Amino acid sequence: MTQDWPVADLDPVRRLRVVAAATPGIGYAEEVIAAPFGSVWQFASDLERSLPDLLTDVRSFKIIPGHAERFQALARGRLGQRARFDVVLRPGWCLMQSRFVIGGMAAVPEAGGTRCAFLGGLRLPGIKLIDPLLGPVAGRLARRALRRLEHQLPS
């Protein structure tokens, strides 16, 4: 056997694009924001502050201290719903999953600013059946989150 296996490294945005393509019921959006990566990711990765600003249905997001990259968080919605999320947070990468919801953000430096991606959707049995209806709506919500991210950054 050979030890020379090909290696395909994906940057965080490309990796999030793969997650979105492989997961039914997901809304995905990607765009370049005219701000440096450091500013964008400093705000986006402050999940307790950023998620209630980016997502209209999230009232609070409280981190339960854990390991540096992997931890849990409790989300509360505006209508009183609650969820516990498993979170992986690294520079330029965030993936969050609860029992019924998946969300993620990614960012990479790019000429003229920062390429950002956002995804969100439901994790339900049979979601493939309603994916053609749910996908466009979730995509609009993902685009709105990116617009809100851009507006939250200092000018």
# chains A, B, ... in the order shown; residues from 1 in each chain; ligands from 1

$ residues_around --residues "segment 90-106 of chain A" --least-positions-apart "4" --cutoff "8 Å" --atoms "only C-alpha atoms" --output "ChimeraX atom specification"
/A:12-13,16,41,44-45,69,83-86,116-124

$ select_by_dssp --residues "segment 13-104 of chain A" --states "alpha helix (DSSP H)" --output "list in words"
Val13, Arg14, Arg15, Leu16, Arg17, Val18, Val19, Ala20, Ala21, Ala22, Phe37, Gly38, Ser39, Val40, Trp41, Gln42, Phe43, Ala44, Leu47, Glu48, Arg49, Ser50, Leu51, Pro52, Asp53 and Leu54 of chain A

$ write_last_selection --atoms "N, CA and C atoms" --output "PDB file, in the first residue's frame"
ATOM      1  N   VAL A  13     -14.777  28.423   4.397  1.00  0.00           N
ATOM      2  CA  VAL A  13     -15.961  28.732   3.587  1.00  0.00           C
ATOM      3  C   VAL A  13     -16.286  27.565   2.659  1.00  0.00           C
ATOM      4  N   ARG A  14     -15.287  27.002   2.029  1.00  0.00           N
ATOM      5  CA  ARG A  14     -15.538  25.845   1.153  1.00  0.00           C
ATOM      6  C   ARG A  14     -16.064  24.653   1.955  1.00  0.00           C
ATOM      7  N   ARG A  15     -15.537  24.465   3.151  1.00  0.00           N
ATOM      8  CA  ARG A  15     -16.001  23.375   4.005  1.00  0.00           C
ATOM      9  C   ARG A  15     -17.477  23.568   4.382  1.00  0.00           C
ATOM     10  N   LEU A  16     -17.866  24.813   4.693  1.00  0.00           N
ATOM     11  CA  LEU A  16     -19.258  25.085   5.032  1.00  0.00           C
ATOM     12  C   LEU A  16     -20.159  24.892   3.812  1.00  0.00           C
ATOM     13  N   ARG A  17     -19.641  25.235   2.642  1.00  0.00           N
ATOM     14  CA  ARG A  17     -20.384  25.009   1.395  1.00  0.00           C
ATOM     15  C   ARG A  17     -20.662  23.516   1.199  1.00  0.00           C
ATOM     16  N   VAL A  18     -19.699  22.674   1.525  1.00  0.00           N
ATOM     17  CA  VAL A  18     -19.879  21.218   1.416  1.00  0.00           C
ATOM     18  C   VAL A  18     -20.933  20.736   2.418  1.00  0.00           C
ATOM     19  N   VAL A  19     -20.865  21.232   3.656  1.00  0.00           N
ATOM     20  CA  VAL A  19     -21.870  20.862   4.659  1.00  0.00           C
ATOM     21  C   VAL A  19     -23.258  21.243   4.165  1.00  0.00           C
ATOM     22  N   ALA A  20     -23.392  22.439   3.618  1.00  0.00           N
ATOM     23  CA  ALA A  20     -24.695  22.898   3.114  1.00  0.00           C
ATOM     24  C   ALA A  20     -25.189  22.025   1.969  1.00  0.00           C
ATOM     25  N   ALA A  21     -24.308  21.672   1.048  1.00  0.00           N
ATOM     26  CA  ALA A  21     -24.708  20.863  -0.105  1.00  0.00           C
ATOM     27  C   ALA A  21     -25.090  19.443   0.289  1.00  0.00           C
ATOM     28  N   ALA A  22     -24.500  18.949   1.372  1.00  0.00           N
ATOM     29  CA  ALA A  22     -24.737  17.563   1.777  1.00  0.00           C
ATOM     30  C   ALA A  22     -25.867  17.406   2.790  1.00  0.00           C
ATOM     31  N   PHE A  37     -10.768  40.574   7.789  1.00  0.00           N
ATOM     32  CA  PHE A  37     -11.131  39.321   8.431  1.00  0.00           C
ATOM     33  C   PHE A  37     -11.172  39.460   9.953  1.00  0.00           C
ATOM     34  N   GLY A  38     -10.175  40.113  10.533  1.00  0.00           N
ATOM     35  CA  GLY A  38     -10.105  40.249  11.981  1.00  0.00           C
ATOM     36  C   GLY A  38     -11.346  40.910  12.563  1.00  0.00           C
ATOM     37  N   SER A  39     -11.817  41.960  11.945  1.00  0.00           N
ATOM     38  CA  SER A  39     -13.020  42.657  12.425  1.00  0.00           C
ATOM     39  C   SER A  39     -14.257  41.790  12.272  1.00  0.00           C
ATOM     40  N   VAL A  40     -14.374  41.152  11.114  1.00  0.00           N
ATOM     41  CA  VAL A  40     -15.539  40.308  10.851  1.00  0.00           C
ATOM     42  C   VAL A  40     -15.593  39.150  11.833  1.00  0.00           C
ATOM     43  N   TRP A  41     -14.479  38.447  11.980  1.00  0.00           N
ATOM     44  CA  TRP A  41     -14.506  37.255  12.821  1.00  0.00           C
ATOM     45  C   TRP A  41     -14.561  37.607  14.308  1.00  0.00           C
ATOM     46  N   GLN A  42     -14.017  38.740  14.695  1.00  0.00           N
ATOM     47  CA  GLN A  42     -14.112  39.157  16.091  1.00  0.00           C
ATOM     48  C   GLN A  42     -15.579  39.320  16.487  1.00  0.00           C
ATOM     49  N   PHE A  43     -16.374  39.936  15.630  1.00  0.00           N
ATOM     50  CA  PHE A  43     -17.798  40.082  15.935  1.00  0.00           C
ATOM     51  C   PHE A  43     -18.532  38.754  15.798  1.00  0.00           C
ATOM     52  N   ALA A  44     -18.343  38.055  14.679  1.00  0.00           N
ATOM     53  CA  ALA A  44     -19.099  36.825  14.406  1.00  0.00           C
ATOM     54  C   ALA A  44     -18.835  35.753  15.458  1.00  0.00           C
ATOM     55  N   LEU A  47     -20.346  34.699  19.958  1.00  0.00           N
ATOM     56  CA  LEU A  47     -21.673  34.123  19.718  1.00  0.00           C
ATOM     57  C   LEU A  47     -22.743  34.665  20.651  1.00  0.00           C
ATOM     58  N   GLU A  48     -22.403  34.922  21.897  1.00  0.00           N
ATOM     59  CA  GLU A  48     -23.406  35.432  22.840  1.00  0.00           C
ATOM     60  C   GLU A  48     -23.920  36.798  22.404  1.00  0.00           C
ATOM     61  N   ARG A  49     -23.076  37.562  21.758  1.00  0.00           N
ATOM     62  CA  ARG A  49     -23.467  38.890  21.279  1.00  0.00           C
ATOM     63  C   ARG A  49     -23.995  38.854  19.846  1.00  0.00           C
ATOM     64  N   SER A  50     -23.303  38.108  18.987  1.00  0.00           N
ATOM     65  CA  SER A  50     -23.621  38.193  17.556  1.00  0.00           C
ATOM     66  C   SER A  50     -24.896  37.452  17.163  1.00  0.00           C
ATOM     67  N   LEU A  51     -25.132  36.265  17.693  1.00  0.00           N
ATOM     68  CA  LEU A  51     -26.288  35.495  17.222  1.00  0.00           C
ATOM     69  C   LEU A  51     -27.621  36.193  17.474  1.00  0.00           C
ATOM     70  N   PRO A  52     -27.858  36.799  18.648  1.00  0.00           N
ATOM     71  CA  PRO A  52     -29.120  37.546  18.789  1.00  0.00           C
ATOM     72  C   PRO A  52     -29.219  38.745  17.842  1.00  0.00           C
ATOM     73  N   ASP A  53     -28.086  39.314  17.440  1.00  0.00           N
ATOM     74  CA  ASP A  53     -28.110  40.421  16.477  1.00  0.00           C
ATOM     75  C   ASP A  53     -28.335  39.940  15.046  1.00  0.00           C
ATOM     76  N   LEU A  54     -27.836  38.747  14.728  1.00  0.00           N
ATOM     77  CA  LEU A  54     -27.923  38.242  13.358  1.00  0.00           C
ATOM     78  C   LEU A  54     -29.212  37.492  13.068  1.00  0.00           C
TER      79      LEU A  54
END

$ atom_distance --atom1 "atom CA of Gly27 of chain A" --atom2 "atom CA of Arg140 of chain A"
7.3 Å

$ closest_residue --among "A:Ala111, A:Gly139, A:Val87, A:Asp11" --to "Gln72 of chain A" --atoms "only C-alpha atoms"
A:Val87

$ select_by_dssp --residues "segment 12-139 of chain A" --states "strand (DSSP E)" --output "number ranges by chain"
A: 26-33, 58-64, 70-77, 82-90, 93-97, 101-110, 113-122

$ write_last_selection --atoms "C-alpha atoms" --output "short mmCIF file (atom, residue, chain, number, x, y, z; two decimals), in the first residue's frame"
data_model
loop_
_atom_site.label_atom_id
_atom_site.label_comp_id
_atom_site.auth_asym_id
_atom_site.auth_seq_id
_atom_site.Cartn_x
_atom_site.Cartn_y
_atom_site.Cartn_z
CA ILE A 26 -30.34 23.99 4.73
CA GLY A 27 -30.27 27.61 3.68
CA TYR A 28 -26.85 28.85 2.61
CA ALA A 29 -25.52 32.26 1.63
CA GLU A 30 -22.06 33.54 0.82
CA GLU A 31 -20.71 36.98 0.00
CA VAL A 32 -17.69 39.22 0.30
CA ILE A 33 -17.93 41.85 3.03
CA VAL A 58 -32.78 34.14 18.83
CA ARG A 59 -33.28 36.08 22.06
CA SER A 60 -30.16 34.81 23.84
CA PHE A 61 -27.26 32.42 23.32
CA LYS A 62 -25.32 31.50 26.48
CA ILE A 63 -22.10 29.51 26.31
CA ILE A 64 -21.54 26.71 28.81
CA ARG A 70 -15.77 22.49 21.53
CA PHE A 71 -18.45 23.48 23.99
CA GLN A 72 -22.18 23.61 24.50
CA ALA A 73 -24.51 26.58 24.52
CA LEU A 74 -28.11 27.24 25.44
CA ALA A 75 -30.25 29.19 23.00
CA ARG A 76 -33.57 30.83 23.80
CA GLY A 77 -35.94 31.97 21.12
CA ARG A 82 -35.03 26.48 24.07
CA ALA A 83 -32.27 24.36 22.62
CA ARG A 84 -28.90 23.02 23.71
CA PHE A 85 -26.27 23.27 20.98
CA ASP A 86 -22.99 21.45 20.49
CA VAL A 87 -20.60 24.06 19.10
CA VAL A 88 -17.25 23.85 17.32
CA LEU A 89 -15.59 27.28 17.10
CA ARG A 90 -12.23 27.87 15.45
CA TRP A 93 -15.22 28.36 11.40
CA CYS A 94 -18.30 27.82 13.55
CA LEU A 95 -20.69 24.87 13.38
CA MET A 96 -23.60 24.51 15.83
CA GLN A 97 -26.07 21.64 16.11
CA VAL A 101 -31.43 22.82 14.25
CA ILE A 102 -28.08 23.22 12.51
CA GLY A 103 -26.26 26.52 11.99
CA GLY A 104 -22.86 27.64 10.89
CA MET A 105 -20.65 30.53 9.89
CA ALA A 106 -17.33 30.67 8.10
CA ALA A 107 -14.99 33.42 6.95
CA VAL A 108 -11.72 33.72 5.07
CA PRO A 109 -9.66 36.75 4.08
CA GLU A 110 -10.05 37.73 0.44
CA GLY A 113 -12.44 42.15 2.34
CA THR A 114 -13.64 38.90 3.84
CA ARG A 115 -15.59 36.09 2.19
CA CYS A 116 -18.31 35.09 4.65
CA ALA A 117 -20.76 32.21 4.59
CA PHE A 118 -23.77 31.44 6.73
CA LEU A 119 -25.99 28.38 6.89
CA GLY A 120 -28.99 27.38 8.90
CA GLY A 121 -31.72 24.83 8.78
CA LEU A 122 -33.75 22.15 10.44
#

$ atom_distance --atom1 "atom CA of Val137 of chain A" --atom2 "atom CA of Gly25 of chain A"
9.7 Å

$ atom_distance --atom1 "atom CA of Ala34 of chain A" --atom2 "atom CA of Leu146 of chain A"
12.1 Å

$ closest_residue --among "A:Pro36, A:Pro65, A:Pro125, A:Asp9" --to "Glu150 of chain A" --atoms "only C-alpha atoms"
A:Pro36

$ closest_residue --among "A:Thr56, A:Ala35, A:Arg78, A:Pro136" --to "His151 of chain A" --atoms "only C-alpha atoms"
A:Ala35
